[in-house]
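The next block is input_37.txt, given as compact mmCIF, C-alpha atoms.
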# COMPACT_ATOMS: atom_id res chain seq x y z
CA MET A 1 -14.55 -11.98 -47.69
CA ALA A 2 -14.13 -13.90 -44.44
CA ALA A 3 -10.37 -13.94 -45.02
CA LEU A 4 -10.36 -10.19 -45.62
CA GLN A 5 -12.29 -9.57 -42.40
CA ARG A 6 -9.87 -11.82 -40.57
CA ASP A 7 -6.97 -9.80 -41.96
CA ALA A 8 -8.66 -6.54 -40.92
CA ALA A 9 -9.20 -7.84 -37.38
CA ARG A 10 -5.57 -8.98 -37.22
CA THR A 11 -4.32 -5.58 -38.43
CA ARG A 12 -6.54 -3.81 -35.89
CA ARG A 13 -5.15 -6.02 -33.12
CA ALA A 14 -1.56 -5.26 -34.23
CA LEU A 15 -2.32 -1.52 -34.38
CA LEU A 16 -3.76 -1.50 -30.84
CA ASP A 17 -0.68 -3.31 -29.53
CA SER A 18 1.58 -0.88 -31.39
CA ALA A 19 -0.33 2.06 -29.93
CA GLY A 20 0.33 0.72 -26.42
CA ARG A 21 4.07 0.36 -27.11
CA ALA A 22 4.27 3.78 -28.82
CA LEU A 23 2.57 5.41 -25.82
CA ILE A 24 5.19 3.96 -23.50
CA VAL A 25 8.09 5.10 -25.72
CA HIS A 26 6.77 8.55 -26.69
CA GLY A 27 4.58 9.44 -23.70
CA PRO A 28 0.95 10.58 -23.57
CA GLY A 29 1.38 13.07 -26.42
CA VAL A 30 2.26 10.29 -28.91
CA SER A 31 1.38 11.07 -32.55
CA LEU A 32 -0.41 8.90 -35.11
CA ASP A 33 2.82 9.01 -37.14
CA ALA A 34 4.73 7.41 -34.27
CA VAL A 35 2.06 4.69 -33.90
CA ALA A 36 2.21 3.97 -37.67
CA ARG A 37 6.03 3.71 -37.51
CA GLU A 38 5.83 1.39 -34.46
CA ALA A 39 3.30 -0.80 -36.35
CA ASP A 40 5.43 -0.63 -39.52
CA VAL A 41 2.44 0.45 -41.63
CA SER A 42 1.77 3.66 -43.57
CA LYS A 43 -0.21 6.40 -41.86
CA GLY A 44 -2.90 5.78 -44.53
CA VAL A 45 -3.42 2.22 -43.31
CA LEU A 46 -3.61 3.44 -39.69
CA LEU A 47 -6.19 6.08 -40.68
CA GLN A 48 -8.34 3.42 -42.38
CA HIS A 49 -8.74 1.78 -38.97
CA PHE A 50 -8.79 4.86 -36.69
CA ARG A 51 -9.76 8.23 -38.14
CA THR A 52 -8.29 10.32 -35.31
CA ARG A 53 -5.88 10.07 -32.41
CA GLY A 54 -8.86 10.28 -30.02
CA GLU A 55 -10.59 7.39 -31.79
CA LEU A 56 -7.43 5.26 -31.50
CA LEU A 57 -7.00 6.03 -27.80
CA LEU A 58 -10.64 5.23 -27.04
CA ALA A 59 -10.17 1.93 -28.89
CA VAL A 60 -7.13 1.22 -26.69
CA ALA A 61 -9.34 1.80 -23.62
CA GLU A 62 -12.20 -0.36 -24.97
CA ASP A 63 -9.72 -3.09 -25.77
CA TRP A 64 -8.40 -3.00 -22.19
CA ILE A 65 -11.94 -3.21 -20.76
CA GLU A 66 -12.84 -6.13 -23.08
CA ARG A 67 -9.69 -7.98 -22.08
CA PHE A 68 -10.40 -7.43 -18.40
CA ASP A 69 -13.98 -8.71 -18.80
CA ALA A 70 -12.74 -11.81 -20.65
CA THR A 71 -10.17 -12.41 -17.88
CA VAL A 72 -12.88 -12.17 -15.19
CA GLN A 73 -15.00 -14.69 -17.12
CA ARG A 74 -12.01 -17.05 -17.33
CA HIS A 75 -11.56 -16.87 -13.56
CA LEU A 76 -15.26 -17.42 -12.71
CA ASP A 77 -15.05 -20.92 -11.27
CA PRO A 78 -18.12 -22.97 -12.37
CA ASN A 79 -17.60 -25.28 -9.36
CA ASP A 80 -17.58 -22.37 -6.91
CA GLY A 81 -21.09 -22.01 -5.47
CA GLU A 82 -20.09 -19.99 -2.38
CA PRO A 83 -20.82 -16.29 -1.81
CA GLY A 84 -18.05 -14.12 -3.23
CA ARG A 85 -17.34 -16.00 -6.45
CA TRP A 86 -17.62 -12.80 -8.52
CA CYS A 87 -15.30 -10.99 -6.12
CA ARG A 88 -12.81 -13.84 -6.34
CA ALA A 89 -12.94 -13.75 -10.14
CA HIS A 90 -12.34 -9.96 -10.13
CA ILE A 91 -9.44 -10.26 -7.68
CA ARG A 92 -7.81 -13.06 -9.70
CA ALA A 93 -8.32 -11.12 -12.94
CA ALA A 94 -6.76 -7.96 -11.49
CA PHE A 95 -3.67 -9.91 -10.43
CA ASP A 96 -3.53 -12.09 -13.57
CA PRO A 97 -0.14 -11.58 -15.23
CA ALA A 98 -2.01 -11.16 -18.54
CA MET A 99 -3.63 -7.97 -17.20
CA SER A 100 -1.03 -6.41 -14.94
CA GLY A 101 2.58 -5.78 -15.70
CA GLY A 102 1.64 -5.45 -19.37
CA PRO A 103 1.75 -2.14 -21.21
CA TRP A 104 -1.89 -1.38 -20.45
CA LEU A 105 -1.56 0.13 -17.02
CA HIS A 106 1.60 2.06 -17.79
CA ALA A 107 1.57 5.69 -16.67
CA ALA A 108 1.84 7.05 -20.23
CA VAL A 109 -1.17 5.01 -21.31
CA GLN A 110 -3.26 6.10 -18.33
CA ALA A 111 -2.28 9.76 -18.80
CA ALA A 112 -3.18 9.68 -22.50
CA LEU A 113 -6.51 8.00 -21.78
CA LEU A 114 -7.45 10.43 -19.00
CA ALA A 115 -6.92 13.33 -21.41
CA THR A 116 -9.03 11.67 -24.15
CA PRO A 117 -12.57 13.06 -24.43
CA GLY A 118 -15.11 10.28 -23.83
CA PHE A 119 -12.73 8.05 -21.88
CA LEU A 120 -14.05 8.89 -18.41
CA GLN A 121 -17.68 8.16 -19.38
CA GLN A 122 -16.58 4.76 -20.65
CA ALA A 123 -14.44 4.04 -17.60
CA ARG A 124 -17.23 5.10 -15.23
CA ALA A 125 -19.76 2.80 -16.88
CA SER A 126 -17.36 -0.15 -16.57
CA ALA A 127 -16.50 0.66 -12.96
CA GLU A 128 -20.20 0.70 -12.02
CA ARG A 129 -20.82 -2.59 -13.82
CA TRP A 130 -17.84 -4.22 -12.07
CA GLN A 131 -19.07 -3.02 -8.68
CA ARG A 132 -22.56 -4.48 -9.41
CA GLU A 133 -21.01 -7.81 -10.45
CA MET A 134 -19.06 -8.02 -7.22
CA GLU A 135 -22.12 -7.07 -5.16
CA SER A 136 -24.25 -9.72 -6.86
CA ASP A 137 -23.48 -12.85 -4.88
CA GLY A 138 -23.99 -12.51 -1.19
CA LEU A 139 -20.93 -10.86 0.35
CA HIS A 140 -21.61 -8.10 2.88
CA PRO A 141 -21.52 -4.78 0.95
CA ASP A 142 -18.75 -3.41 3.22
CA ARG A 143 -16.52 -6.28 2.14
CA VAL A 144 -17.27 -5.61 -1.51
CA THR A 145 -16.57 -1.87 -1.15
CA LEU A 146 -13.28 -2.51 0.62
CA ILE A 147 -12.20 -5.09 -1.98
CA ALA A 148 -13.29 -2.87 -4.90
CA ARG A 149 -11.44 0.20 -3.57
CA ALA A 150 -8.31 -1.87 -2.82
CA LEU A 151 -8.37 -3.20 -6.42
CA ASP A 152 -8.72 0.37 -7.75
CA GLY A 153 -5.87 1.43 -5.49
CA ASP A 154 -3.69 -1.44 -6.68
CA ALA A 155 -4.24 -0.25 -10.26
CA MET A 156 -3.20 3.26 -9.15
CA ASN A 157 -0.21 1.80 -7.37
CA ASP A 158 1.00 0.34 -10.67
CA LEU A 159 1.01 3.92 -11.84
CA PHE A 160 2.71 5.45 -8.83
CA ALA A 161 5.03 2.74 -7.59
CA GLY A 162 7.15 2.89 -10.74
CA VAL A 163 8.71 -0.50 -10.20
CA GLN A 164 6.16 -3.12 -9.22
CA ASP A 165 6.66 -4.72 -5.85
CA ASN A 166 5.56 -8.24 -6.74
CA ALA A 167 5.85 -9.66 -3.23
CA ARG A 168 3.64 -6.93 -1.82
CA ARG A 169 1.13 -7.41 -4.64
CA ALA A 170 1.01 -11.18 -4.07
CA THR A 171 0.32 -10.54 -0.36
CA LEU A 172 -2.47 -8.11 -1.24
CA CYS A 173 -4.03 -10.65 -3.63
CA GLU A 174 -4.04 -13.39 -0.96
CA LEU A 175 -5.41 -10.97 1.60
CA LEU A 176 -8.28 -9.85 -0.66
CA LEU A 177 -9.14 -13.47 -1.50
CA SER A 178 -9.22 -14.28 2.23
CA LEU A 179 -11.64 -11.40 2.78
CA THR A 180 -14.17 -13.27 0.59
CA ASP A 181 -14.07 -16.44 2.78
CA ASP A 182 -16.59 -15.07 5.27
CA PRO A 183 -19.68 -13.31 3.83
CA GLY A 184 -20.57 -11.38 7.02
CA PRO A 185 -19.74 -7.82 8.12
CA LEU A 186 -16.02 -7.08 8.38
CA VAL A 187 -16.01 -5.44 11.76
CA SER A 188 -18.60 -5.02 14.44
CA ARG A 189 -19.48 -1.36 14.77
CA MET B 1 10.05 44.10 1.95
CA ALA B 2 8.08 41.79 4.24
CA ALA B 3 4.86 43.29 2.87
CA LEU B 4 6.06 42.71 -0.69
CA GLN B 5 6.85 39.08 0.08
CA ARG B 6 3.46 38.68 1.69
CA ASP B 7 1.85 40.10 -1.45
CA ALA B 8 3.86 37.72 -3.65
CA ALA B 9 2.80 34.73 -1.54
CA ARG B 10 -0.83 35.87 -1.72
CA THR B 11 -0.63 36.28 -5.51
CA ARG B 12 0.97 32.84 -5.86
CA ARG B 13 -1.81 31.33 -3.74
CA ALA B 14 -4.47 33.04 -5.91
CA LEU B 15 -2.74 31.86 -9.10
CA LEU B 16 -2.66 28.24 -7.91
CA ASP B 17 -6.37 28.38 -7.04
CA SER B 18 -7.13 29.95 -10.43
CA ALA B 19 -5.11 27.21 -12.16
CA GLY B 20 -7.28 24.59 -10.45
CA ARG B 21 -10.49 26.29 -11.56
CA ALA B 22 -9.20 26.88 -15.11
CA LEU B 23 -8.25 23.19 -15.40
CA ILE B 24 -11.80 22.19 -14.49
CA VAL B 25 -13.34 24.62 -16.99
CA HIS B 26 -10.91 24.14 -19.89
CA GLY B 27 -9.73 20.55 -19.35
CA PRO B 28 -6.21 19.14 -19.09
CA GLY B 29 -4.95 21.12 -22.12
CA VAL B 30 -5.63 24.46 -20.37
CA SER B 31 -3.38 27.33 -21.54
CA LEU B 32 -1.46 29.88 -19.45
CA ASP B 33 -3.65 32.54 -21.09
CA ALA B 34 -6.78 30.88 -19.70
CA VAL B 35 -5.22 30.70 -16.21
CA ALA B 36 -4.25 34.40 -16.38
CA ARG B 37 -7.81 35.31 -17.42
CA GLU B 38 -9.27 33.19 -14.61
CA ALA B 39 -6.94 34.91 -12.12
CA ASP B 40 -7.72 38.32 -13.64
CA VAL B 41 -4.01 39.16 -14.03
CA SER B 42 -1.90 39.79 -17.13
CA LYS B 43 0.01 36.88 -18.61
CA GLY B 44 3.17 38.80 -17.67
CA VAL B 45 2.30 38.62 -13.97
CA LEU B 46 1.56 34.90 -14.28
CA LEU B 47 4.93 34.33 -16.01
CA GLN B 48 6.73 36.15 -13.17
CA HIS B 49 5.51 33.40 -10.85
CA PHE B 50 5.58 30.37 -13.18
CA ARG B 51 7.83 30.43 -16.21
CA THR B 52 6.08 27.58 -18.06
CA ARG B 53 2.84 25.62 -18.07
CA GLY B 54 4.77 22.58 -16.75
CA GLU B 55 6.17 24.64 -13.87
CA LEU B 56 2.67 25.85 -12.97
CA LEU B 57 1.20 22.31 -13.05
CA LEU B 58 4.03 20.93 -10.91
CA ALA B 59 3.36 23.74 -8.43
CA VAL B 60 -0.34 22.72 -8.37
CA ALA B 61 0.77 19.15 -7.52
CA GLU B 62 3.23 20.31 -4.84
CA ASP B 63 0.54 22.50 -3.35
CA TRP B 64 -1.85 19.54 -3.17
CA ILE B 65 0.80 17.38 -1.46
CA GLU B 66 1.64 20.14 1.05
CA ARG B 67 -2.03 20.60 1.86
CA PHE B 68 -2.51 16.87 2.35
CA ASP B 69 0.53 16.68 4.67
CA ALA B 70 -0.79 19.63 6.71
CA THR B 71 -4.20 17.95 6.93
CA VAL B 72 -2.59 14.69 8.19
CA GLN B 73 -0.70 16.67 10.85
CA ARG B 74 -3.93 18.37 11.95
CA HIS B 75 -5.57 14.94 12.38
CA LEU B 76 -2.67 13.37 14.33
CA ASP B 77 -4.27 13.15 17.76
CA PRO B 78 -1.66 13.96 20.48
CA ASN B 79 -3.77 12.03 23.02
CA ASP B 80 -3.88 8.91 20.84
CA GLY B 81 -1.09 6.58 22.00
CA GLU B 82 -2.52 3.41 20.45
CA PRO B 83 -1.09 1.58 17.42
CA GLY B 84 -2.53 2.94 14.18
CA ARG B 85 -2.58 6.66 15.00
CA TRP B 86 -0.77 7.53 11.74
CA CYS B 87 -3.21 5.38 9.77
CA ARG B 88 -6.13 7.08 11.48
CA ALA B 89 -4.69 10.52 10.68
CA HIS B 90 -4.24 9.54 7.01
CA ILE B 91 -7.76 8.13 6.78
CA ARG B 92 -9.27 11.23 8.38
CA ALA B 93 -7.21 13.50 6.11
CA ALA B 94 -8.27 11.61 2.97
CA PHE B 95 -11.94 12.03 3.92
CA ASP B 96 -11.56 15.59 5.23
CA PRO B 97 -13.93 17.88 3.27
CA ALA B 98 -11.01 20.30 2.84
CA MET B 99 -9.17 17.67 0.75
CA SER B 100 -11.86 15.81 -1.13
CA GLY B 101 -14.70 17.25 -3.07
CA GLY B 102 -12.59 20.30 -3.83
CA PRO B 103 -11.16 21.05 -7.24
CA TRP B 104 -7.94 19.17 -6.54
CA LEU B 105 -9.00 15.66 -7.33
CA HIS B 106 -11.06 16.61 -10.35
CA ALA B 107 -10.45 14.46 -13.43
CA ALA B 108 -9.12 17.37 -15.50
CA VAL B 109 -6.56 18.20 -12.82
CA GLN B 110 -5.41 14.59 -12.48
CA ALA B 111 -5.18 14.17 -16.25
CA ALA B 112 -3.11 17.34 -16.63
CA LEU B 113 -0.79 16.34 -13.79
CA LEU B 114 -0.26 12.81 -15.12
CA ALA B 115 0.83 14.27 -18.45
CA THR B 116 3.25 16.74 -16.77
CA PRO B 117 6.91 15.67 -16.88
CA GLY B 118 8.24 15.29 -13.36
CA PHE B 119 4.85 14.78 -11.72
CA LEU B 120 5.08 11.01 -11.33
CA GLN B 121 8.49 11.16 -9.63
CA GLN B 122 7.05 13.63 -7.15
CA ALA B 123 3.88 11.60 -6.60
CA ARG B 124 5.87 8.40 -6.13
CA ALA B 125 8.12 9.95 -3.50
CA SER B 126 5.07 11.19 -1.56
CA ALA B 127 3.26 7.85 -1.85
CA GLU B 128 6.30 6.03 -0.43
CA ARG B 129 6.61 8.49 2.42
CA TRP B 130 2.89 8.16 3.26
CA GLN B 131 3.16 4.35 3.26
CA ARG B 132 6.16 4.56 5.64
CA GLU B 133 4.27 6.92 7.97
CA MET B 134 1.33 4.52 8.14
CA GLU B 135 3.63 1.54 8.72
CA SER B 136 5.45 3.34 11.54
CA ASP B 137 3.28 2.67 14.55
CA GLY B 138 2.57 -0.98 15.16
CA LEU B 139 -0.31 -2.07 12.90
CA HIS B 140 0.18 -5.39 11.12
CA PRO B 141 1.65 -4.59 7.67
CA ASP B 142 -1.27 -6.37 5.92
CA ARG B 143 -3.67 -3.94 7.55
CA VAL B 144 -1.58 -0.97 6.46
CA THR B 145 -1.35 -2.25 2.86
CA LEU B 146 -5.09 -2.81 2.69
CA ILE B 147 -5.86 0.61 4.16
CA ALA B 148 -3.30 2.35 1.90
CA ARG B 149 -4.63 0.67 -1.27
CA ALA B 150 -8.25 1.44 -0.30
CA LEU B 151 -7.31 5.12 0.20
CA ASP B 152 -5.60 5.17 -3.22
CA GLY B 153 -8.68 3.53 -4.70
CA ASP B 154 -10.97 6.04 -3.06
CA ALA B 155 -8.95 8.84 -4.68
CA MET B 156 -9.34 7.02 -8.04
CA ASN B 157 -13.02 6.61 -7.37
CA ASP B 158 -13.39 10.38 -7.09
CA LEU B 159 -12.05 10.40 -10.61
CA PHE B 160 -14.22 7.63 -12.01
CA ALA B 161 -17.45 7.92 -10.09
CA GLY B 162 -18.27 11.31 -11.59
CA VAL B 163 -20.73 12.22 -8.88
CA GLN B 164 -19.46 11.46 -5.40
CA ASP B 165 -21.48 8.95 -3.44
CA ASN B 166 -21.10 10.56 -0.01
CA ALA B 167 -22.94 7.83 1.91
CA ARG B 168 -20.70 5.13 0.46
CA ARG B 169 -17.61 7.23 1.18
CA ALA B 170 -18.68 7.80 4.79
CA THR B 171 -19.14 4.03 5.20
CA LEU B 172 -15.68 3.38 3.75
CA CYS B 173 -14.14 5.94 6.11
CA GLU B 174 -15.76 4.31 9.19
CA LEU B 175 -14.75 0.87 7.95
CA LEU B 176 -11.10 1.85 7.45
CA LEU B 177 -10.98 3.49 10.90
CA SER B 178 -12.40 0.28 12.42
CA LEU B 179 -9.64 -1.70 10.72
CA THR B 180 -7.11 0.22 12.86
CA ASP B 181 -8.76 -0.84 16.16
CA ASP B 182 -6.98 -4.19 16.28
CA PRO B 183 -3.25 -4.20 15.43
CA GLY B 184 -3.04 -7.94 14.61
CA PRO B 185 -3.23 -9.80 11.30
CA LEU B 186 -6.49 -9.28 9.39
CA VAL B 187 -7.25 -12.88 8.58
CA SER B 188 -5.72 -16.17 9.64
CA ARG B 189 -4.12 -17.78 6.63
I'd like the structure from this file rewritten - as structure tokens, please.
Amino acid sequence: MAALQRDAARTRRALLDSAGRALIVHGPGVSLDAVAREADVSKGVLLQHFRTRGELLLAVAEDWIERFDATVQRHLDPNDGEPGRWCRAHIRAAFDPAMSGGPWLHAAVQAALLATPGFLQQARASAERWQREMESDGLHPDRVTLIARALDGDAMNDLFAGVQDNARRATLCELLLSLTDDPGPLVSR
Amino acid sequence: MAALQRDAARTRRALLDSAGRALIVHGPGVSLDAVAREADVSKGVLLQHFRTRGELLLAVAEDWIERFDATVQRHLDPNDGEPGRWCRAHIRAAFDPAMSGGPWLHAAVQAALLATPGFLQQARASAERWQREMESDGLHPDRVTLIARALDGDAMNDLFAGVQDNARRATLCELLLSLTDDPGPLVSR
């Protein structure tokens, strides 16, 4: 039984990865048939794991959110007791090669997800949670808002820039990390 | 003839506005029939102006870009000779009530546009032009990148936040304007 469950989890993982690749090849209107072909399984096997196209796309989104959360956890430095450690972990996760540059932020994937009923509710809940995490450890709220919006914008930029400008992204990452060095207000107003 | 052209331009304007409203009501899969009903014209009249759904959606995107450009121009202060005037105009345009809070950034509209062939090329060209405008008048490039990404992120946030948090947006606007007061590097690294 444990081996069967392990197989099912492995198949599910392979199907989610295939869905990401199929979205990039076929665009946001990708069919379940195309995903099954990409995964080299019958449509019946695919339907055992995801009953509808919408269910598959929501699972792609959940998978992305879980991977991002795990990446933030990996970057939370246990030896870092200074204000801003959650912000630093979020910044490092957003610029982690495992998260960006992969198929997950590709325009076709984002377009398909935005058109999937239920996706926005899920994305909104995660965005609120991430903002609360970053606000939780002593940085001035203006800093957190600026960092959070710049991270959102960087994700958008993946979508709009077409080709990623890695040098500009590396500069942005360093800049955002530097903004967590001082916990006080950003500008005097 | 001039009167006829004026009528055609007025009809086109009304059709684009109706398309925006129909997208919000019916979601990203909205049909030309639904747009014609919303505009209270026959489908034949709609097809005289836009031959396909894709052509209509691209026109919605172009219209949004033209309106944003006009709003930036309106906020370019002729008496402002200091570095950062283009950035300030972009920030003020992004937070202008005429641009945000309207139907144009609604999730259904964004989702439909992202799935429209040709939209991303158009959006990318505009994003590059806006970045160049903001980089054109003497602010340190790090400042411009941070401001540009925060503006992109704010547009995303409209999409994800569901209900707009106007107080937080007003704070972000003030903060971004303050970041244009000093043209030098943001942090010493």
Can you check which residues of chain B have any atom within 9 Å of chain A? Use all atoms listed in the file and format it as a PyMOL selection string. chain B and resi 27-29+107-108+110-115+120-121+123-125+127-128+142+145-157+159-162+168+171-172+174-176+178-179+186-189
Select, from A:Asp40, A:Glu82, A:Glu135, A:Asp63, the residue with the minimum atom-to-atom distance to Ser18 of chain A, counting all atoms listed in the file.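 So, comparing all the options, the nearest one is A:Asp40.
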A:Pro97, A:Gly44, A:Gly84, A:Ala167 ranked by distance to Pro183 of chain A, top pick (using all atoms listed in the file): A:Gly84
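Proximity to Leu76 of chain B was assessed for B:Asp182, B:Asp33, B:Asp165, B:Glu133 counting all atoms listed in the file; the smallest distance is recorded for B:Glu133.
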Distance in Å - atom CA of Gly118 of chain B versus atom CA of Arg21 of chain B: 21.8 Å
Atom CA of Glu62 of chain B to atom CA of His49 of chain B, straight-line distance in Å: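 So the answer is 14.6 Å.
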Name all residues at most 12 Å from Leu16 of chain A (count all atoms listed in the file; drop same-chain ones fewer than 6 positions away) and give them as a PyMOL selection string. chain A and resi 9-10+22-23+32+35-36+38-39+46+49-50+53+55-64+103-104+109
Please compute the atom CA of Thr180 of chain A-atom CA of Pro83 of chain A distance, one decimal, in Å.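 Rounded to one decimal, the two atoms are 7.7 Å apart.
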Given 4 Å on each side, where is the centre and what are the edge lengths in Å to one decimal of the axis-aligned box enclosing the listed atoms of segment 13-24 of chain A, as lines of an AutoDock Vina configuration file?
center_x = 0.0
center_y = -0.3
center_z = -28.9
size_x = 18.3
size_y = 19.4
size_z = 18.9
